[in-house]
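So this one's work-v3.cif, mmCIF, C-alpha atoms and all ligand atoms:
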```
data_data
#
loop_
_atom_site.label_atom_id
_atom_site.label_comp_id
_atom_site.auth_asym_id
_atom_site.auth_seq_id
_atom_site.Cartn_x
_atom_site.Cartn_y
_atom_site.Cartn_z
CA MET X 1 0.00 0.00 0.00
CA GLY X 2 2.76 2.47 0.90
CA ASN X 3 4.49 1.54 -2.32
CA ALA X 4 1.47 2.21 -4.50
CA VAL X 5 1.00 5.65 -2.97
CA ALA X 6 4.69 6.41 -3.47
CA LEU X 7 4.49 5.55 -7.12
CA GLU X 8 1.47 7.78 -7.65
CA GLU X 9 3.39 10.73 -6.27
CA PHE X 10 5.66 10.60 -9.27
CA ASN X 11 4.38 11.68 -12.61
CA ALA X 12 4.60 9.24 -15.48
CA CYS X 13 7.62 10.89 -17.03
CA GLU X 14 9.63 10.85 -13.83
CA SER X 15 8.71 7.23 -13.18
CA HIS X 16 9.89 6.31 -16.62
CA GLN X 17 13.23 8.05 -16.14
CA TRP X 18 13.79 6.46 -12.76
CA TYR X 19 12.83 3.08 -14.15
CA ARG X 20 15.29 3.42 -17.00
CA LYS X 21 18.07 4.43 -14.67
CA PHE X 22 17.25 1.57 -12.33
CA MET X 23 17.14 -1.07 -15.06
CA THR X 24 20.35 0.21 -16.65
CA GLU X 25 22.25 0.03 -13.37
CA CYS X 26 20.54 -3.08 -12.22
CA PRO X 27 19.26 -5.33 -15.04
CA SER X 28 18.28 -8.08 -12.62
CA GLY X 29 15.72 -5.71 -11.08
CA LEU X 30 17.06 -6.39 -7.60
CA LEU X 31 19.66 -4.10 -6.09
CA THR X 32 22.11 -5.74 -3.68
CA TYR X 33 23.85 -3.75 -0.97
CA TYR X 34 27.00 -3.64 -3.07
CA GLU X 35 25.09 -2.35 -6.10
CA PHE X 36 23.27 0.15 -3.92
CA LYS X 37 26.58 1.69 -2.92
CA GLN X 38 27.74 1.73 -6.54
CA PHE X 39 24.46 3.26 -7.57
CA PHE X 40 24.83 6.20 -5.21
CA GLY X 41 28.54 6.54 -5.81
CA LEU X 42 29.45 5.59 -2.26
CA LYS X 43 32.89 4.05 -2.35
CA ASN X 44 35.69 3.58 0.16
CA LEU X 45 33.50 4.19 3.16
CA SER X 46 34.93 4.05 6.66
CA GLU X 47 33.57 1.32 8.89
CA SER X 48 31.11 3.59 10.70
CA SER X 49 29.90 5.19 7.47
CA ASP X 50 29.45 1.76 5.99
CA GLN X 51 27.33 0.77 8.99
CA TYR X 52 25.18 3.83 8.49
CA VAL X 53 24.68 3.27 4.78
CA ARG X 54 23.86 -0.35 5.48
CA ALA X 55 21.21 0.75 7.97
CA MET X 56 19.79 3.00 5.27
CA PHE X 57 19.73 0.11 2.84
CA THR X 58 17.90 -2.01 5.41
CA THR X 59 15.16 0.57 5.96
CA PHE X 60 14.64 0.85 2.21
CA ASP X 61 14.45 -2.94 1.93
CA MET X 62 10.92 -3.04 3.29
CA ASN X 63 10.22 -6.73 2.82
CA ASP X 64 13.64 -7.67 4.31
CA ASP X 65 14.69 -9.94 1.48
CA GLY X 66 18.14 -8.38 1.24
CA PHE X 67 17.46 -6.64 -2.08
CA ILE X 68 15.90 -3.36 -3.10
CA ASP X 69 13.40 -3.91 -5.87
CA PHE X 70 11.98 -1.21 -8.11
CA MET X 71 8.97 -0.46 -5.89
CA GLU X 72 11.16 -0.12 -2.83
CA TYR X 73 13.49 2.10 -4.80
CA VAL X 74 10.65 4.37 -5.91
CA ALA X 75 9.31 4.52 -2.35
CA ALA X 76 12.77 5.56 -1.14
CA LEU X 77 13.18 8.23 -3.79
CA SER X 78 9.72 9.56 -3.24
CA LEU X 79 10.47 9.92 0.46
CA VAL X 80 13.75 11.69 -0.14
CA LEU X 81 12.37 13.99 -2.83
CA LYS X 82 8.79 14.62 -1.81
CA GLY X 83 8.16 13.28 1.67
CA SER X 84 6.60 15.50 4.34
CA VAL X 85 8.57 16.30 7.50
CA GLN X 86 6.45 13.77 9.40
CA LYS X 87 7.10 11.02 6.91
CA LYS X 88 10.81 11.71 6.95
CA LEU X 89 10.97 11.77 10.73
CA ARG X 90 9.24 8.41 10.91
CA TRP X 91 11.79 7.08 8.51
CA TYR X 92 14.72 8.55 10.49
CA PHE X 93 13.30 6.96 13.59
CA LYS X 94 13.27 3.57 11.94
CA LEU X 95 16.80 4.14 10.70
CA TYR X 96 18.11 5.18 14.12
CA ASP X 97 16.38 2.35 15.98
CA VAL X 98 19.07 -0.07 14.92
CA ASP X 99 17.83 -3.11 16.86
CA GLY X 100 14.21 -2.39 15.91
CA ASN X 101 12.79 -2.55 19.46
CA GLY X 102 10.67 0.57 18.94
CA CYS X 103 12.90 2.94 20.93
CA ILE X 104 16.15 4.77 20.27
CA ASP X 105 18.62 4.38 23.11
CA ARG X 106 21.75 6.46 23.75
CA GLU X 107 24.09 3.92 22.19
CA GLU X 108 22.06 3.78 18.98
CA LEU X 109 21.95 7.55 18.66
CA LEU X 110 25.67 7.86 19.37
CA VAL X 111 26.59 5.37 16.64
CA ILE X 112 24.39 7.23 14.16
CA ILE X 113 25.77 10.66 15.08
CA LYS X 114 29.32 9.37 14.67
CA SER X 115 28.51 7.82 11.30
CA ILE X 116 26.84 10.96 9.99
CA ARG X 117 29.84 13.01 11.04
CA ALA X 118 32.19 10.58 9.37
CA ILE X 119 30.27 10.87 6.10
CA ASN X 120 29.94 14.65 6.20
CA GLY X 121 33.54 15.12 7.25
CA ALA X 122 32.90 18.50 8.88
CA THR X 123 34.43 19.52 12.22
CA HIS X 124 32.17 20.05 15.20
CA GLU X 125 32.43 22.06 18.40
CA MET X 126 30.58 19.45 20.42
CA SER X 127 31.74 15.84 20.75
CA ALA X 128 29.37 13.15 19.49
CA GLU X 129 28.91 12.03 23.13
CA ASP X 130 27.98 15.52 24.32
CA PHE X 131 25.69 15.96 21.38
CA THR X 132 23.89 12.70 22.11
CA ASN X 133 23.47 13.69 25.76
CA MET X 134 22.11 17.06 24.74
CA VAL X 135 19.50 15.43 22.48
CA PHE X 136 18.39 13.17 25.31
CA ASP X 137 18.26 16.09 27.78
CA LYS X 138 16.02 17.93 25.35
CA ILE X 139 13.62 15.32 24.07
CA ASP X 140 13.62 12.28 26.38
CA ILE X 141 10.60 13.72 28.15
CA ASN X 142 9.95 10.87 30.61
CA GLY X 143 13.68 10.48 31.27
CA ASP X 144 13.82 6.70 30.82
CA GLY X 145 16.95 6.89 28.65
CA GLU X 146 15.11 5.87 25.50
CA LEU X 147 13.38 7.89 22.84
CA SER X 148 9.95 6.62 21.89
CA LEU X 149 8.50 7.45 18.49
CA GLU X 150 6.26 10.10 20.13
CA GLU X 151 9.16 11.73 21.98
CA PHE X 152 11.24 11.73 18.84
CA MET X 153 8.53 13.16 16.56
CA GLU X 154 7.41 15.82 19.06
CA GLY X 155 10.87 16.72 20.25
CA VAL X 156 12.49 17.08 16.86
CA GLN X 157 9.61 18.97 15.28
CA ASN X 158 9.58 21.48 18.12
CA ASP X 159 13.31 22.12 18.01
CA GLU X 160 14.51 23.95 14.97
CA MET X 161 18.16 23.17 15.55
CA LEU X 162 17.56 19.42 15.82
CA LEU X 163 15.23 19.42 12.87
CA THR X 164 17.77 21.17 10.68
CA MET X 165 20.51 18.85 11.81
CA LEU X 166 18.50 15.71 11.12
CA THR X 167 17.28 16.94 7.78
CA GLN X 168 20.81 17.68 6.69
CA SER X 169 22.12 14.44 8.12
CA LEU X 170 20.05 12.45 5.72
CA ASP X 171 20.14 14.77 2.85
CA LEU X 172 20.45 12.50 -0.14
CA SER X 173 19.52 15.31 -2.48
CA HIS X 174 23.07 15.86 -3.69
CA ILE X 175 23.15 12.19 -4.63
CA VAL X 176 19.74 12.40 -6.25
CA GLN X 177 20.77 15.54 -8.12
CA LYS X 178 23.75 13.68 -9.43
CA ILE X 179 21.51 10.93 -10.79
CA GLN X 180 19.09 13.46 -12.24
CA GLY X 181 22.01 15.30 -13.83
CA GLU X 182 23.02 12.07 -15.54
CA ILE X 183 19.48 11.52 -16.75
CA ILE X 184 19.24 15.02 -18.16
CA THR X 185 22.55 14.83 -20.01
CA LYS X 186 21.72 11.42 -21.44
CA SER X 187 18.23 12.21 -22.69
CA CA X 201 13.31 -5.98 -0.75
CA CA X 202 16.42 0.40 19.72
CA CA X 203 11.74 8.32 26.90
#
```

Would you write the structure of this file as C-alpha cells?
Amino acid sequence: MGNAVALEEFNACESHQWYRKFMTECPSGLLTYYEFKQFFGLKNLSESSDQYVRAMFTTFDMNDDGFIDFMEYVAALSLVLKGSVQKKLRWYFKLYDVDGNGCIDREELLVIIKSIRAINGATHEMSAEDFTNMVFDKIDINGDGELSLEEFMEGVQNDEMLLTMLTQSLDLSHIVQKIQGEIITKS
C-alpha cells in the first residue's frame, strides 16, 4: 500500500526516467547492498559510514529480502524527494532504531551521530557524546533513557536546531541531483 502511494506521487515521465536508470544500473531488477553503494557513488566508506549506509539500505528494503526492488526504490526516492517532515521523521526513527525494538537508546543515537559526522567530514564544536546527551536532555521527556516514536517526533519537530541537523544528516539530495544530472545529459 505504501508503495502504490509512493508511485502515484511521481508523474509518469519521472517514473519512466527512474525506471530506466534503475534497469540500466541493475538489469536483474534487484539491487544488492553492493550495487546500492555503486548506484549512489558511495565508495571507500569508513567502517562507521558503511554501517550507516547499510542501515539505510535495510530501511529501504521493506520486505527484508536483502534486495531493493523497483517499488522499494521508488518509495525511497519519493520519500527523499517529496516526503513531508512527518514522513521523513518516521523514517529517520526507523533508521536510528538499529535493533528495531521501537525505541532509540543512547548507544544507537551515538553510533548514528558518529557515522553521519564521518560521512559529512565537517568539524564540530561538540563531541558526538555531548551531542547525544544534549539530544536526550532535550527530548527524552519521561527520562527513561530511551526515545519513543512520540518523543522523537514531538521533540524534533519542536526544536529547529535538531530538525535542521536531522534533515541535513540524511540529505540525499546531492546524490539524487547527481543521478538526475546524468538523466538530463543522457536524454
Ligand atoms: Ca526488498
Ligand atoms: Ca532500539
Ligand atoms: Ca523516553

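Using all atoms listed in the file as the basis for the distance check, residues found within 7 Å of ligand CA 202 (chain X) are Asp97, Val98, Asp99, Gly100, Asn101, Gly102, Cys103, Ile104, Asp105 and Glu108 of chain X.
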
Taking only C-alpha atoms and all ligand atoms into account, report as a VMD selection string which residues have an atom no farther than 6 Å from an atom of ligand CA 201 (chain X). chain X and resid 61 to 69

Proximity to ligand CA 203 (chain X) - best of X:Ile141, X:Thr167, X:Asn158, X:Leu149, only C-alpha atoms and all ligand atoms: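 Counting only C-alpha atoms and all ligand atoms, the residue closest to ligand CA 203 (chain X) is X:Ile141.
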
Contact residues around Tyr19 of chain X with only C-alpha atoms at 10 Å, ignoring same-chain residues under 6 positions, as a PyMOL selection string: chain X and resi 13+25+29+70-71+73-74

Give one line per residue of chain X that approaches ligand CA 203 (chain X) to at most 12 Å, naming the two atoms of the closest pair and their distance in Å to one decimal, counting all atoms listed in the file; sort by chain then ascending residue number and deliver it as JSON lines.
```
{"residue": "X:Gly102", "atom": "CA", "partner": "X:CA203", "partner_atom": "CA", "distance": 11.2}
{"residue": "X:Cys103", "atom": "CA", "partner": "X:CA203", "partner_atom": "CA", "distance": 8.1}
{"residue": "X:Ile104", "atom": "CA", "partner": "X:CA203", "partner_atom": "CA", "distance": 8.7}
{"residue": "X:Asp105", "atom": "CA", "partner": "X:CA203", "partner_atom": "CA", "distance": 8.8}
{"residue": "X:Arg106", "atom": "CA", "partner": "X:CA203", "partner_atom": "CA", "distance": 10.7}
{"residue": "X:Val135", "atom": "CA", "partner": "X:CA203", "partner_atom": "CA", "distance": 11.4}
{"residue": "X:Phe136", "atom": "CA", "partner": "X:CA203", "partner_atom": "CA", "distance": 8.4}
{"residue": "X:Asp137", "atom": "CA", "partner": "X:CA203", "partner_atom": "CA", "distance": 10.2}
{"residue": "X:Lys138", "atom": "CA", "partner": "X:CA203", "partner_atom": "CA", "distance": 10.6}
{"residue": "X:Ile139", "atom": "CA", "partner": "X:CA203", "partner_atom": "CA", "distance": 7.8}
{"residue": "X:Asp140", "atom": "CA", "partner": "X:CA203", "partner_atom": "CA", "distance": 4.4}
{"residue": "X:Ile141", "atom": "CA", "partner": "X:CA203", "partner_atom": "CA", "distance": 5.7}
{"residue": "X:Asn142", "atom": "CA", "partner": "X:CA203", "partner_atom": "CA", "distance": 4.8}
{"residue": "X:Gly143", "atom": "CA", "partner": "X:CA203", "partner_atom": "CA", "distance": 5.2}
{"residue": "X:Asp144", "atom": "CA", "partner": "X:CA203", "partner_atom": "CA", "distance": 4.7}
{"residue": "X:Gly145", "atom": "CA", "partner": "X:CA203", "partner_atom": "CA", "distance": 5.7}
{"residue": "X:Glu146", "atom": "CA", "partner": "X:CA203", "partner_atom": "CA", "distance": 4.4}
{"residue": "X:Leu147", "atom": "CA", "partner": "X:CA203", "partner_atom": "CA", "distance": 4.4}
{"residue": "X:Ser148", "atom": "CA", "partner": "X:CA203", "partner_atom": "CA", "distance": 5.6}
{"residue": "X:Leu149", "atom": "CA", "partner": "X:CA203", "partner_atom": "CA", "distance": 9.1}
{"residue": "X:Glu150", "atom": "CA", "partner": "X:CA203", "partner_atom": "CA", "distance": 8.9}
{"residue": "X:Glu151", "atom": "CA", "partner": "X:CA203", "partner_atom": "CA", "distance": 6.5}
{"residue": "X:Phe152", "atom": "CA", "partner": "X:CA203", "partner_atom": "CA", "distance": 8.8}
{"residue": "X:Met153", "atom": "CA", "partner": "X:CA203", "partner_atom": "CA", "distance": 11.9}
{"residue": "X:Glu154", "atom": "CA", "partner": "X:CA203", "partner_atom": "CA", "distance": 11.7}
{"residue": "X:Gly155", "atom": "CA", "partner": "X:CA203", "partner_atom": "CA", "distance": 10.7}
```

If you measure from atom CA of Glu47 of chain X to atom CA of Ala118 of chain X, what distance in Å do you get, rounded to one decimal?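 Computing the Euclidean distance for atom CA of Glu47 of chain X and atom CA of Ala118 of chain X yields 9.4 Å.
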
Write out as a PyMOL selection string each polymer residue whose atoms come within 12 Å of Met165 of chain X, counting only C-alpha atoms; drop sequence neighbours fewer than 6 positions from it. chain X and resi 89+92+113+116-117+120+131+135+156-157+159+171

Between X:Glu125, X:Lys43, X:Ala75, X:Ser49, which has the minimum distance to Ser15 of chain X (counting all atoms listed in the file)?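 Nearest candidate to Ser15 of chain X out of X:Glu125, X:Lys43, X:Ala75, X:Ser49: X:Ala75.
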
Find, counting all atoms listed in the file, the residue in X:Thr132, X:Gln86, X:Thr164, X:Thr58 that gets nearest to Thr32 of chain X.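 For Thr32 of chain X, the nearest of the given residues is X:Thr58.
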
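For the atom pair formed by atom CA of Leu166 of chain X and atom CA of Lys21 of chain X, the distance is 28.2 Å, given to one decimal.
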
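Put simply, atom CA of Met23 of chain X is 12.8 Å away from atom CA of Phe36 of chain X.
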
Neighbouring residues of Val53 of chain X were defined as those with any atom within 12 Å, considering all atoms listed in the file; residues of the same chain fewer than 3 positions away were excluded. Please report them as a short mmCIF file (atom, residue, chain, number, x, y, z; two decimals) with C-alpha atoms, in the coordinates of the input.
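Now in result16.cif:
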```cif
data_model
loop_
_atom_site.label_atom_id
_atom_site.label_comp_id
_atom_site.auth_asym_id
_atom_site.auth_seq_id
_atom_site.Cartn_x
_atom_site.Cartn_y
_atom_site.Cartn_z
CA TYR X 33 23.85 -3.75 -0.97
CA TYR X 34 27.00 -3.64 -3.07
CA PHE X 36 23.27 0.15 -3.92
CA LYS X 37 26.58 1.69 -2.92
CA GLN X 38 27.74 1.73 -6.54
CA PHE X 40 24.83 6.20 -5.21
CA GLY X 41 28.54 6.54 -5.81
CA LEU X 42 29.45 5.59 -2.26
CA LYS X 43 32.89 4.05 -2.35
CA ASN X 44 35.69 3.58 0.16
CA LEU X 45 33.50 4.19 3.16
CA SER X 46 34.93 4.05 6.66
CA GLU X 47 33.57 1.32 8.89
CA SER X 48 31.11 3.59 10.70
CA SER X 49 29.90 5.19 7.47
CA ASP X 50 29.45 1.76 5.99
CA MET X 56 19.79 3.00 5.27
CA PHE X 57 19.73 0.11 2.84
CA THR X 58 17.90 -2.01 5.41
CA THR X 59 15.16 0.57 5.96
CA PHE X 60 14.64 0.85 2.21
CA LEU X 95 16.80 4.14 10.70
CA TYR X 96 18.11 5.18 14.12
CA ILE X 112 24.39 7.23 14.16
CA SER X 115 28.51 7.82 11.30
CA ILE X 116 26.84 10.96 9.99
CA ALA X 118 32.19 10.58 9.37
CA ILE X 119 30.27 10.87 6.10
CA SER X 169 22.12 14.44 8.12
CA LEU X 170 20.05 12.45 5.72
CA LEU X 172 20.45 12.50 -0.14
#
```
